[in-house]
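**Student:** Following this line is work_30.txt, made up of compact mmCIF, C-alpha atoms and all ligand atoms:
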# COMPACT_ATOMS: atom_id res chain seq x y z
CA MET A 1 2.72 -15.01 8.17
CA ILE A 2 2.07 -11.29 8.45
CA ILE A 3 1.57 -8.67 5.79
CA LEU A 4 2.85 -5.23 6.67
CA LYS A 5 1.85 -2.20 4.64
CA LEU A 6 4.18 0.76 4.89
CA GLY A 7 2.20 3.83 3.90
CA GLY A 8 3.60 6.03 1.16
CA SER A 9 2.80 8.99 3.39
CA ALA A 10 5.29 7.77 5.99
CA LEU A 11 8.08 6.86 3.55
CA THR A 12 7.89 9.91 1.30
CA ILE A 13 7.02 13.58 1.55
CA LYS A 14 3.58 13.09 0.09
CA ASP A 15 2.60 16.68 -0.69
CA ALA A 16 5.97 17.50 -2.32
CA ASP A 17 5.80 18.65 -5.96
CA LYS A 18 8.31 16.00 -7.02
CA PRO A 19 9.12 12.48 -5.79
CA THR A 20 10.83 13.01 -2.42
CA ILE A 21 11.87 10.39 0.09
CA ASP A 22 11.53 10.93 3.84
CA ASP A 23 15.03 9.67 4.73
CA VAL A 24 14.65 10.00 8.49
CA ASN A 25 11.37 8.09 8.61
CA LEU A 26 12.58 5.41 6.18
CA ASP A 27 15.67 4.73 8.26
CA ARG A 28 13.74 4.54 11.52
CA ILE A 29 10.96 2.38 10.05
CA ALA A 30 13.47 -0.05 8.53
CA THR A 31 15.21 -0.35 11.93
CA GLU A 32 11.86 -1.14 13.55
CA VAL A 33 10.87 -3.65 10.85
CA ALA A 34 14.07 -5.58 11.66
CA SER A 35 12.36 -6.77 14.88
CA TYR A 36 10.00 -9.05 12.91
CA ASN A 37 9.87 -12.60 14.22
CA GLN A 38 7.78 -14.51 11.68
CA ASP A 39 7.34 -14.80 7.90
CA MET A 40 6.49 -11.41 6.48
CA ILE A 41 5.49 -9.73 3.23
CA ILE A 42 5.92 -5.97 3.01
CA VAL A 43 3.81 -3.88 0.66
CA HIS A 44 4.59 -0.20 0.46
CA GLY A 45 2.59 2.69 -0.89
CA ALA A 46 3.71 5.04 -3.64
CA GLY A 47 3.56 8.43 -1.92
CA SER A 48 4.99 11.26 -4.02
CA PHE A 49 6.76 8.68 -6.26
CA GLY A 50 3.45 7.48 -7.67
CA HIS A 51 0.53 9.78 -7.05
CA ILE A 52 2.06 12.82 -8.83
CA HIS A 53 2.58 10.90 -12.11
CA ALA A 54 -0.69 9.00 -11.81
CA ARG A 55 -2.62 12.24 -11.44
CA LYS A 56 -0.69 14.09 -14.17
CA TYR A 57 -1.32 11.36 -16.76
CA ALA A 58 -4.80 10.53 -15.45
CA ILE A 59 -3.98 6.82 -15.51
CA GLY A 60 -7.19 4.85 -15.15
CA ASP A 61 -9.32 7.48 -16.91
CA ARG A 62 -10.96 6.64 -20.23
CA ILE A 63 -8.60 7.05 -23.22
CA LEU A 64 -9.93 9.81 -25.44
CA GLY A 65 -8.00 9.33 -28.68
CA ASP A 66 -4.57 8.63 -30.20
CA ASP A 67 -2.79 11.57 -28.56
CA ASP A 68 -4.23 10.71 -25.18
CA LYS A 69 -3.24 7.06 -25.71
CA SER A 70 0.41 8.04 -26.45
CA ASN A 71 0.41 10.37 -23.46
CA LYS A 72 -0.95 7.72 -21.10
CA THR A 73 1.42 5.07 -22.49
CA MET A 74 4.36 7.31 -21.59
CA GLY A 75 2.70 8.10 -18.27
CA LEU A 76 2.50 4.39 -17.46
CA CYS A 77 6.24 3.99 -18.15
CA LEU A 78 7.16 6.99 -16.01
CA THR A 79 4.90 5.98 -13.13
CA GLN A 80 6.24 2.42 -13.12
CA ALA A 81 9.84 3.62 -13.20
CA SER A 82 9.23 6.08 -10.39
CA VAL A 83 7.61 3.60 -7.99
CA GLN A 84 10.27 1.03 -8.86
CA LEU A 85 12.89 3.56 -7.82
CA LEU A 86 11.11 4.03 -4.50
CA ASN A 87 11.03 0.24 -4.08
CA TYR A 88 14.78 0.13 -4.73
CA LYS A 89 15.36 2.77 -2.04
CA VAL A 90 13.13 0.88 0.41
CA ILE A 91 14.77 -2.53 -0.12
CA SER A 92 18.26 -1.00 -0.01
CA LYS A 93 17.44 0.48 3.39
CA LEU A 94 16.06 -2.87 4.58
CA HIS A 95 19.31 -4.55 3.40
CA GLU A 96 21.29 -2.08 5.54
CA LYS A 97 19.33 -3.43 8.51
CA ASN A 98 20.12 -7.01 7.48
CA ILE A 99 16.60 -7.87 6.31
CA PRO A 100 16.58 -10.27 3.30
CA ALA A 101 14.21 -8.06 1.31
CA VAL A 102 13.51 -8.98 -2.30
CA GLY A 103 11.77 -6.36 -4.43
CA ILE A 104 8.95 -7.76 -6.60
CA LYS A 105 7.50 -5.52 -9.29
CA PRO A 106 3.69 -5.95 -9.34
CA SER A 107 3.18 -4.74 -12.93
CA THR A 108 5.29 -7.64 -14.25
CA PHE A 109 2.82 -10.29 -13.07
CA ILE A 110 -0.46 -8.57 -12.18
CA VAL A 111 -3.11 -7.50 -14.71
CA ASN A 112 -6.21 -5.61 -13.67
CA LYS A 113 -9.73 -5.69 -15.05
CA ASP A 114 -11.84 -2.60 -14.31
CA LYS A 115 -9.21 -1.47 -11.79
CA ARG A 116 -9.32 -4.69 -9.76
CA ILE A 117 -6.75 -7.51 -9.82
CA ASP A 118 -7.73 -10.08 -12.43
CA GLU A 119 -4.51 -12.06 -13.02
CA CYS A 120 -1.91 -12.64 -10.33
CA ASP A 121 0.21 -15.72 -9.84
CA THR A 122 1.35 -15.80 -6.20
CA ASN A 123 3.60 -18.89 -6.55
CA LEU A 124 6.78 -16.88 -6.82
CA ILE A 125 5.98 -14.92 -3.65
CA ARG A 126 5.25 -18.18 -1.84
CA LYS A 127 8.61 -19.61 -2.96
CA TYR A 128 10.54 -16.58 -1.71
CA LEU A 129 8.66 -16.72 1.61
CA ASP A 130 9.37 -20.44 2.01
CA ASP A 131 13.04 -19.74 1.46
CA GLY A 132 13.20 -17.11 4.22
CA PHE A 133 13.07 -13.96 2.10
CA VAL A 134 10.90 -10.93 2.81
CA PRO A 135 9.08 -10.12 -0.46
CA VAL A 136 8.54 -6.37 -0.87
CA LEU A 137 5.77 -5.31 -3.28
CA TYR A 138 4.26 -1.87 -3.83
CA GLY A 139 1.48 0.20 -5.33
CA ASP A 140 2.08 0.27 -9.10
CA ALA A 141 0.54 1.20 -12.46
CA VAL A 142 -0.57 -1.89 -14.41
CA LEU A 143 -2.22 -3.06 -17.62
CA ASP A 144 -6.02 -3.21 -17.44
CA LYS A 145 -8.22 -5.54 -19.54
CA ASN A 146 -10.85 -2.84 -19.90
CA ASP A 147 -10.12 -1.49 -23.43
CA GLU A 148 -11.54 1.92 -22.61
CA ILE A 149 -8.86 2.62 -20.00
CA ARG A 150 -6.10 0.06 -20.85
CA TYR A 151 -4.04 0.99 -17.74
CA SER A 152 -4.96 1.47 -14.11
CA ILE A 153 -3.51 2.21 -10.72
CA LEU A 154 -3.11 -0.72 -8.40
CA SER A 155 -2.92 0.44 -4.80
CA GLY A 156 -0.77 -1.37 -2.28
CA ASP A 157 -3.94 -1.78 -0.22
CA GLN A 158 -5.56 -3.84 -2.97
CA ILE A 159 -2.42 -5.99 -3.24
CA ILE A 160 -2.63 -6.65 0.50
CA THR A 161 -6.25 -7.74 0.36
CA TYR A 162 -5.52 -10.06 -2.54
CA LEU A 163 -2.38 -11.63 -1.03
CA ALA A 164 -3.93 -11.96 2.42
CA LYS A 165 -6.73 -14.05 0.95
CA LYS A 166 -4.50 -16.14 -1.34
CA LEU A 167 -1.63 -16.87 1.04
CA ASN A 168 -2.04 -18.12 4.56
CA THR A 169 -2.05 -14.82 6.43
CA ASP A 170 -2.43 -14.49 10.19
CA ARG A 171 -2.34 -10.74 10.51
CA VAL A 172 -2.47 -7.65 8.35
CA ILE A 173 -0.91 -4.46 9.70
CA LEU A 174 -1.45 -1.29 7.77
CA SER A 175 0.69 1.64 8.79
CA SER A 176 -0.13 5.19 7.79
CA ASP A 177 0.50 8.74 9.02
CA VAL A 178 -2.50 8.81 11.40
CA ASP A 179 -3.34 6.67 14.44
CA GLY A 180 -6.21 4.85 12.71
CA ILE A 181 -9.78 5.57 11.63
CA TYR A 182 -11.45 8.65 13.07
CA THR A 183 -15.02 9.87 13.38
CA ASP A 184 -13.99 12.81 11.13
CA ASN A 185 -10.82 14.05 9.41
CA PRO A 186 -8.32 14.44 12.30
CA LYS A 187 -6.19 16.83 10.24
CA THR A 188 -9.00 19.37 9.94
CA ASN A 189 -11.24 18.60 12.91
CA PRO A 190 -9.56 18.65 16.35
CA ASP A 191 -12.64 17.00 17.88
CA ALA A 192 -12.32 13.92 15.67
CA LYS A 193 -12.13 10.77 17.80
CA LEU A 194 -10.14 7.60 17.11
CA ILE A 195 -12.37 4.54 16.65
CA ASP A 196 -10.96 1.38 18.29
CA ILE A 197 -12.91 -1.16 16.24
CA VAL A 198 -14.52 -0.72 12.83
CA THR A 199 -16.94 -3.21 11.30
CA LYS A 200 -19.11 -2.98 8.20
CA ASP A 201 -21.84 -1.52 10.43
CA THR A 202 -19.74 1.39 11.76
CA PRO A 203 -21.17 4.67 10.42
CA LEU A 204 -18.37 6.73 8.80
CA THR A 205 -18.69 10.08 7.01
CA THR A 206 -17.56 9.99 3.37
CA THR A 207 -15.11 12.84 3.91
CA SER A 208 -13.60 11.45 7.11
CA ASN A 209 -9.88 10.67 6.88
CA ASP A 210 -9.59 11.72 3.19
CA ASN A 211 -6.29 12.66 1.60
CA GLN A 212 -6.47 14.81 -1.54
CA ALA A 213 -2.92 13.88 -2.64
CA ASP A 214 -3.99 10.27 -3.02
CA VAL A 215 -5.41 8.95 -6.30
CA THR A 216 -6.38 5.66 -4.69
CA GLY A 217 -8.84 7.15 -2.22
CA GLY A 218 -6.80 7.81 0.92
CA MET A 219 -8.14 6.33 4.14
CA ALA A 220 -11.57 5.72 2.61
CA GLY A 221 -9.92 3.39 0.04
CA LYS A 222 -8.06 1.55 2.80
CA ILE A 223 -11.24 1.05 4.84
CA ARG A 224 -13.00 -0.45 1.79
CA GLU A 225 -10.17 -2.92 1.21
CA LEU A 226 -9.86 -3.91 4.87
CA LEU A 227 -13.62 -4.38 5.33
CA GLU A 228 -13.52 -6.74 2.35
CA LEU A 229 -10.79 -8.67 4.14
CA ALA A 230 -12.86 -8.73 7.34
CA GLU A 231 -15.79 -10.23 5.42
CA TYR A 232 -13.36 -12.96 4.46
CA GLY A 233 -12.50 -13.56 8.14
CA ILE A 234 -9.09 -11.84 8.30
CA GLU A 235 -8.67 -9.09 10.91
CA SER A 236 -6.43 -6.14 10.25
CA GLN A 237 -5.13 -3.16 12.15
CA ILE A 238 -4.34 0.41 11.09
CA ILE A 239 -1.47 1.98 13.05
CA ASN A 240 0.59 5.17 12.88
CA ALA A 241 4.05 4.58 11.34
CA GLU A 242 5.17 8.06 12.34
CA LYS A 243 5.01 7.25 16.06
CA GLU A 244 8.32 5.77 17.07
CA GLY A 245 8.10 2.16 18.24
CA ASN A 246 4.70 1.34 16.74
CA ILE A 247 6.00 -0.75 13.83
CA LYS A 248 8.45 -2.55 16.11
CA LEU A 249 5.64 -3.51 18.49
CA ALA A 250 3.35 -4.56 15.65
CA VAL A 251 5.83 -6.78 13.76
CA SER A 252 6.88 -8.48 16.97
CA GLY A 253 3.26 -9.34 17.74
CA ARG A 254 2.64 -6.90 20.58
CA GLN A 255 -0.27 -4.50 21.15
CA VAL A 256 -0.29 -1.09 19.48
CA LYS A 257 -2.78 1.75 19.64
CA GLY A 258 -4.77 1.91 16.41
CA THR A 259 -8.01 0.78 14.77
CA ILE A 260 -8.88 -2.89 14.37
CA ILE A 261 -11.04 -3.74 11.35
CA LYS A 262 -13.08 -6.89 11.78
O1 LIG B 301 0.04 4.46 -2.51
C1 LIG B 301 -0.67 3.82 -5.52
O2 LIG B 301 -0.43 2.93 -4.45
P1 LIG B 301 -0.85 3.34 -2.95
C2 LIG B 301 0.20 3.46 -6.73
O3 LIG B 301 -0.64 2.10 -2.14
C3 LIG B 301 0.45 4.58 -7.65
O4 LIG B 301 -2.30 3.75 -2.99
C4 LIG B 301 1.28 4.27 -8.81
C5 LIG B 301 -0.02 5.78 -7.52
Could I get this file's structure written as structure tokens?
**Tutor:**
Amino acid sequence: MIILKLGGSALTIKDADKPTIDDVNLDRIATEVASYNQDMIIVHGAGSFGHIHARKYAIGDRILGDDDKSNKTMGLCLTQASVQLLNYKVISKLHEKNIPAVGIKPSTFIVNKDKRIDECDTNLIRKYLDDGFVPVLYGDAVLDKNDEIRYSILSGDQIITYLAKKLNTDRVILSSDVDGIYTDNPKTNPDAKLIDIVTKDTPLTTTSNDNQADVTGGMAGKIRELLELAEYGIESQIINAEKEGNIKLAVSGRQVKGTIIK
């Protein structure tokens, strides 16, 4: 079984000031995903459908009083509805390509504690997989057992780490809008070099690969999650979803340029 993460930055226009889908990319990516040849779970990021709301309502920050509580409660509803809409658009596109994609809303069965998954029953996902479906989950806003914050953002990357450990996963492929992990931020430093293999001992600058539009920590957040997975013995690879053909190669088990985390 493979887990494929489709980055929100590839599916949406991430720096837009309102939730905006990248129709051309979504269509191409869905066509490429259709080449999969083994059981697969897809987890997609939130892009402009999630990060704008999450930032506006400061979901995950300490609740400061009754007004702030009401504001954040509404913010949770709006964020959930927005990412669910993105999920609907993603699965509809996958259906067009004849992929039996079933959208599964993380906030209906996952509860966080201090921003990390605390409750999550994976039986339903297993059942859909066993029956030949492709479960499609996504970064969401969820309840949090920490009473000071009550709600938190659950990144798709954290969902991947959790599911990869719980279900029998052979490979994790994480697609984004860059080729992989660099020695510095490739968007601001033309001399930044792609790193082929990252382990817990690889020295990385804290600012390398950061994305300001991302409340869940951009590439730095992904590296943290994937290193945790590596500690557990599961290798993963970061690839660029914006380069035509990459996803197709990856889901059909062939080699793609990118960074392996092990
Ligand atoms: O794009 C974030 O998920 P990610 C989820 O996978 C929200 O980091 C709601 C911002």
**Student:** From the list A:Val172, A:Ile3, A:Ile99, A:Leu167, which residue is nearest Lys127 (chain A) when using only C-alpha atoms?
**Tutor:** A:Leu167
**Student:** Once you count all atoms listed in the file, what closest atom pair and distance in Å to one decimal does each residue of chain A within 9 Å of ligand LIG 301 (chain B) have, with rows by chain and rising residue number, as a Markdown table?
**Tutor:**
| residue | atom | partner | partner_atom | distance |
| --- | --- | --- | --- | --- |
| A:Lys5 | CA | B:LIG301 | O3 | 8.4 |
| A:Leu6 | CA | B:LIG301 | O3 | 8.6 |
| A:Gly7 | CA | B:LIG301 | O1 | 6.8 |
| A:Gly8 | CA | B:LIG301 | O1 | 5.3 |
| A:Ser9 | CA | B:LIG301 | O1 | 7.9 |
| A:Val43 | CA | B:LIG301 | O3 | 8.0 |
| A:His44 | CA | B:LIG301 | O3 | 6.3 |
| A:Gly45 | CA | B:LIG301 | O1 | 3.5 |
| A:Ala46 | CA | B:LIG301 | O1 | 3.9 |
| A:Gly47 | CA | B:LIG301 | O1 | 5.3 |
| A:Ser48 | CA | B:LIG301 | C5 | 8.2 |
| A:Phe49 | CA | B:LIG301 | C5 | 7.5 |
| A:Gly50 | CA | B:LIG301 | C5 | 3.9 |
| A:His51 | CA | B:LIG301 | C5 | 4.1 |
| A:Ile52 | CA | B:LIG301 | C5 | 7.5 |
| A:His53 | CA | B:LIG301 | C5 | 7.4 |
| A:Ala54 | CA | B:LIG301 | C5 | 5.4 |
| A:Arg55 | CA | B:LIG301 | C5 | 8.0 |
| A:Ile59 | CA | B:LIG301 | C4 | 8.9 |
| A:Leu76 | CA | B:LIG301 | C4 | 8.7 |
| A:Thr79 | CA | B:LIG301 | C4 | 5.9 |
| A:Gln80 | CA | B:LIG301 | C4 | 6.8 |
| A:Ser82 | CA | B:LIG301 | C4 | 8.3 |
| A:Val83 | CA | B:LIG301 | C4 | 6.4 |
| A:Tyr138 | CA | B:LIG301 | O3 | 6.5 |
| A:Gly139 | CA | B:LIG301 | O2 | 3.4 |
| A:Asp140 | CA | B:LIG301 | C4 | 4.1 |
| A:Ala141 | CA | B:LIG301 | C4 | 4.8 |
| A:Val142 | CA | B:LIG301 | C4 | 8.5 |
| A:Ser152 | CA | B:LIG301 | C4 | 8.7 |
| A:Ile153 | CA | B:LIG301 | C3 | 5.5 |
| A:Leu154 | CA | B:LIG301 | C2 | 5.6 |
| A:Ser155 | CA | B:LIG301 | O2 | 3.5 |
| A:Gly156 | CA | B:LIG301 | O3 | 3.5 |
| A:Asp157 | CA | B:LIG301 | O3 | 5.4 |
| A:Gln158 | CA | B:LIG301 | O3 | 7.8 |
| A:Ile159 | CA | B:LIG301 | O3 | 8.4 |
| A:Asp214 | CA | B:LIG301 | O4 | 6.7 |
| A:Val215 | CA | B:LIG301 | C5 | 6.4 |
| A:Thr216 | CA | B:LIG301 | O4 | 4.8 |
| A:Gly217 | CA | B:LIG301 | O4 | 7.4 |
| A:Gly218 | CA | B:LIG301 | O4 | 7.2 |
| A:Gly221 | CA | B:LIG301 | O4 | 8.2 |
| A:Lys222 | CA | B:LIG301 | O4 | 8.5 |
**Student:** Residues of the last selection are to be written out with C-alpha atoms, as a CSV table (one decimal), in the coordinates of the input.
**Tutor:**
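The resulting file, selection35.csv, is reproduced below:
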chain,number,residue,atom,x,y,z
A,5,LYS,CA,1.8,-2.2,4.6
A,6,LEU,CA,4.2,0.8,4.9
A,7,GLY,CA,2.2,3.8,3.9
A,8,GLY,CA,3.6,6.0,1.2
A,9,SER,CA,2.8,9.0,3.4
A,43,VAL,CA,3.8,-3.9,0.7
A,44,HIS,CA,4.6,-0.2,0.5
A,45,GLY,CA,2.6,2.7,-0.9
A,46,ALA,CA,3.7,5.0,-3.6
A,47,GLY,CA,3.6,8.4,-1.9
A,48,SER,CA,5.0,11.3,-4.0
A,49,PHE,CA,6.8,8.7,-6.3
A,50,GLY,CA,3.4,7.5,-7.7
A,51,HIS,CA,0.5,9.8,-7.0
A,52,ILE,CA,2.1,12.8,-8.8
A,53,HIS,CA,2.6,10.9,-12.1
A,54,ALA,CA,-0.7,9.0,-11.8
A,55,ARG,CA,-2.6,12.2,-11.4
A,59,ILE,CA,-4.0,6.8,-15.5
A,76,LEU,CA,2.5,4.4,-17.5
A,79,THR,CA,4.9,6.0,-13.1
A,80,GLN,CA,6.2,2.4,-13.1
A,82,SER,CA,9.2,6.1,-10.4
A,83,VAL,CA,7.6,3.6,-8.0
A,138,TYR,CA,4.3,-1.9,-3.8
A,139,GLY,CA,1.5,0.2,-5.3
A,140,ASP,CA,2.1,0.3,-9.1
A,141,ALA,CA,0.5,1.2,-12.5
A,142,VAL,CA,-0.6,-1.9,-14.4
A,152,SER,CA,-5.0,1.5,-14.1
A,153,ILE,CA,-3.5,2.2,-10.7
A,154,LEU,CA,-3.1,-0.7,-8.4
A,155,SER,CA,-2.9,0.4,-4.8
A,156,GLY,CA,-0.8,-1.4,-2.3
A,157,ASP,CA,-3.9,-1.8,-0.2
A,158,GLN,CA,-5.6,-3.8,-3.0
A,159,ILE,CA,-2.4,-6.0,-3.2
A,214,ASP,CA,-4.0,10.3,-3.0
A,215,VAL,CA,-5.4,9.0,-6.3
A,216,THR,CA,-6.4,5.7,-4.7
A,217,GLY,CA,-8.8,7.2,-2.2
A,218,GLY,CA,-6.8,7.8,0.9
A,221,GLY,CA,-9.9,3.4,0.0
A,222,LYS,CA,-8.1,1.6,2.8
**Student:** Which one of A:Ala230, A:Ala192, A:Val90, A:Ile181 sits closest to Asp23 (chain A) if you count only C-alpha atoms?
**Tutor:**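 Smallest distance to Asp23 (chain A) is found for A:Val90.
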**Student:** If we count only C-alpha atoms, what is near region 30-38 of chain A at a cut-off of 6 Å, once residues fewer than 5 positions away on the same chain are taken out, given as a PDB file with C-alpha atoms, keeping the file's coordinate frame?
**Tutor:**
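Result file selection-v8.pdb:
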ATOM      1  CA  LEU A  94      16.060  -2.870   4.580  1.00  0.00           C
ATOM      2  CA  ILE A 247       6.000  -0.750  13.830  1.00  0.00           C
ATOM      3  CA  LYS A 248       8.450  -2.550  16.110  1.00  0.00           C
ATOM      4  CA  VAL A 251       5.830  -6.780  13.760  1.00  0.00           C
ATOM      5  CA  SER A 252       6.880  -8.480  16.970  1.00  0.00           C
TER       6      SER A 252
END
**Student:** Can you work out the spacing between CA of Gln84 (chain A) and CA of Ala101 (chain A) in Å, to one decimal?
**Tutor:**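 Going from CA of Gln84 (chain A) over to CA of Ala101 (chain A), I get 14.2 Å.
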**Student:** What does the distance from CA of Leu85 (chain A) to CA of Asp17 (chain A) come to in Å, to one decimal?
**Tutor:**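 The value is 16.8 Å.
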**Student:** Could you tell me how far CA of Arg254 (chain A) lies from CA of Asp177 (chain A), in Å and to one decimal?
**Tutor:**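 CA of Asp177 (chain A) lies at a distance of 19.6 Å from CA of Arg254 (chain A).
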**Student:** For Tyr128 (chain A), which of A:Ile149, A:Ile41, A:Leu86, A:Ile110 is the closest residue, counting only C-alpha atoms?
**Tutor:**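 Residue with the minimum atom-to-atom distance to Tyr128 (chain A): A:Ile41.
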**Student:** Which neighbours of Leu124 (chain A) fall inside 10 Å, counting all atoms listed in the file, when residues of the same chain fewer than 4 positions from it are skipped, and could you give them as a list of chain:residue names?
**Tutor:**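 Residues near the query, excluding close chain neighbours: A:Ile104, A:Phe109, A:Tyr128, A:Leu129, A:Asp130, A:Pro135.
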**Student:** Place a sphere of radius 12 Å on (-15.4, -7.9, -2.6) in the file coordinates and name every protein, DNA or RNA residue with an atom inside or on its surface, counting all atoms listed in the file; give the answer as an MDAnalysis selection string.
**Tutor:** chainID A and resid 116:117 158 161:162 165 224:232
**Student:** Calculated over all atoms listed in the file, which of the candidates A:Asn98, A:Pro190, A:Thr183, A:Leu64 has the smallest distance to Leu204 (chain A)?
**Tutor:**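 Looking at the shortest contact to Leu204 (chain A), the residue is A:Thr183.
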**Student:** Add whatever atoms are absent from region 53-75 of chain A to reach N, CA and C atoms, and provide the output as an mmCIF file, in the coordinates of the input.
**Tutor:**
data_model
loop_
_atom_site.group_PDB
_atom_site.id
_atom_site.type_symbol
_atom_site.label_atom_id
_atom_site.label_comp_id
_atom_site.auth_asym_id
_atom_site.auth_seq_id
_atom_site.Cartn_x
_atom_site.Cartn_y
_atom_site.Cartn_z
ATOM 1 N N HIS A 53 2.642 11.364 -10.704
ATOM 2 C CA HIS A 53 2.580 10.900 -12.110
ATOM 3 C C HIS A 53 1.172 10.391 -12.446
ATOM 4 N N ALA A 54 0.618 9.606 -11.526
ATOM 5 C CA ALA A 54 -0.690 9.000 -11.810
ATOM 6 C C ALA A 54 -1.740 10.074 -12.059
ATOM 7 N N ARG A 55 -1.652 11.157 -11.273
ATOM 8 C CA ARG A 55 -2.620 12.240 -11.440
ATOM 9 C C ARG A 55 -2.341 13.004 -12.732
ATOM 10 N N LYS A 56 -1.061 13.316 -12.982
ATOM 11 C CA LYS A 56 -0.690 14.090 -14.170
ATOM 12 C C LYS A 56 -1.152 13.393 -15.459
ATOM 13 N N TYR A 57 -0.968 12.077 -15.536
ATOM 14 C CA TYR A 57 -1.320 11.360 -16.760
ATOM 15 C C TYR A 57 -2.715 10.746 -16.708
ATOM 16 N N ALA A 58 -3.423 11.021 -15.624
ATOM 17 C CA ALA A 58 -4.800 10.530 -15.450
ATOM 18 C C ALA A 58 -4.895 9.035 -15.803
ATOM 19 N N ILE A 59 -3.973 8.273 -15.249
ATOM 20 C CA ILE A 59 -3.980 6.820 -15.510
ATOM 21 C C ILE A 59 -5.225 6.206 -14.872
ATOM 22 N N GLY A 60 -5.943 5.436 -15.642
ATOM 23 C CA GLY A 60 -7.190 4.850 -15.150
ATOM 24 C C GLY A 60 -8.411 5.578 -15.688
ATOM 25 N N ASP A 61 -8.194 6.782 -16.268
ATOM 26 C CA ASP A 61 -9.320 7.480 -16.910
ATOM 27 C C ASP A 61 -9.489 6.934 -18.325
ATOM 28 N N ARG A 62 -10.682 7.139 -18.885
ATOM 29 C CA ARG A 62 -10.960 6.640 -20.230
ATOM 30 C C ARG A 62 -10.012 7.290 -21.248
ATOM 31 N N ILE A 63 -9.504 6.508 -22.203
ATOM 32 C CA ILE A 63 -8.600 7.050 -23.220
ATOM 33 C C ILE A 63 -9.415 7.733 -24.308
ATOM 34 N N LEU A 64 -9.052 8.988 -24.602
ATOM 35 C CA LEU A 64 -9.930 9.810 -25.440
ATOM 36 C C LEU A 64 -9.533 9.850 -26.920
ATOM 37 N N GLY A 65 -8.414 9.313 -27.278
ATOM 38 C CA GLY A 65 -8.000 9.330 -28.680
ATOM 39 C C GLY A 65 -6.530 8.976 -28.772
ATOM 40 N N ASP A 66 -5.955 9.075 -30.000
ATOM 41 C CA ASP A 66 -4.570 8.630 -30.200
ATOM 42 C C ASP A 66 -3.567 9.414 -29.370
ATOM 43 N N ASP A 67 -3.757 10.749 -29.313
ATOM 44 C CA ASP A 67 -2.790 11.570 -28.560
ATOM 45 C C ASP A 67 -2.840 11.204 -27.078
ATOM 46 N N ASP A 68 -4.067 11.049 -26.590
ATOM 47 C CA ASP A 68 -4.230 10.710 -25.180
ATOM 48 C C ASP A 68 -3.625 9.330 -24.899
ATOM 49 N N LYS A 69 -3.796 8.410 -25.870
ATOM 50 C CA LYS A 69 -3.240 7.060 -25.710
ATOM 51 C C LYS A 69 -1.708 7.142 -25.594
ATOM 52 N N SER A 70 -1.057 7.925 -26.500
ATOM 53 C CA SER A 70 0.410 8.040 -26.450
ATOM 54 C C SER A 70 0.838 8.669 -25.131
ATOM 55 N N ASN A 71 0.086 9.679 -24.701
ATOM 56 C CA ASN A 71 0.410 10.370 -23.460
ATOM 57 C C ASN A 71 0.318 9.403 -22.260
ATOM 58 N N LYS A 72 -0.756 8.633 -22.236
ATOM 59 C CA LYS A 72 -0.950 7.720 -21.100
ATOM 60 C C LYS A 72 0.055 6.568 -21.145
ATOM 61 N N THR A 73 0.426 6.143 -22.361
ATOM 62 C CA THR A 73 1.420 5.070 -22.490
ATOM 63 C C THR A 73 2.733 5.528 -21.844
ATOM 64 N N MET A 74 3.128 6.753 -22.180
ATOM 65 C CA MET A 74 4.360 7.310 -21.590
ATOM 66 C C MET A 74 4.183 7.469 -20.079
ATOM 67 N N GLY A 75 2.992 7.913 -19.702
ATOM 68 C CA GLY A 75 2.700 8.100 -18.270
ATOM 69 C C GLY A 75 2.836 6.793 -17.499
#
